[in-house]
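In what follows, a structure is listed as structure tokens, so that the remarks can point back to it.
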Amino acid sequence: MKTQILGLKELRENMQKYASRTEKGESFIVVKKSKPLFKISSLDEVNELWETVVDFTKINKNGVDAKKVLRELRAINARS
């Protein structure tokens, strides 16, 4: 899919729309005053840079308490 050019103001005013389109694989070069600022693209394009170590939403859809996680990690580390 071709990368599209998108104005910063348009992105700001319609963030959810472009987030959804990005999730579907579209990518955009965001410009301000005709100068490129950054590119937004789906994670599929950078998947090799992102590694999921633990997905806490599989334990609880709302995530887990960070203090509990740290307590457990310390306990595991102390046993080692």
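Every chain in the structure tokens takes a letter, A first, then B, and so on in the order presented; its residues are numbered from 1, and the ligands are numbered from 1 following the presented order.
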
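Within 12 Å of Glu10 of chain A, once only C-alpha atoms are used and residues closer than 4 positions along the same chain are dropped, the contacting residues are Ile5, Leu6, Asn14, Met15, Gln16, Lys17, Tyr18, Phe28, Val30, Val31 and Lys32 of chain A.
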
Measuring between only C-alpha atoms, which one of A:Leu8, A:Ala78, A:Ala66, A:Leu73 shows the shortest distance to Ser34 of chain A?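 Smallest separation from Ser34 of chain A among the options: A:Leu8.
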
I'd like the neighbourhood of Lys24 of chain A as a list in words, where a residue qualifies if any of its atoms comes within 9 Å (using only C-alpha atoms), though same-chain residues fewer than 4 positions away should be ignored. Ala19, Ser20 and Ser42 of chain A
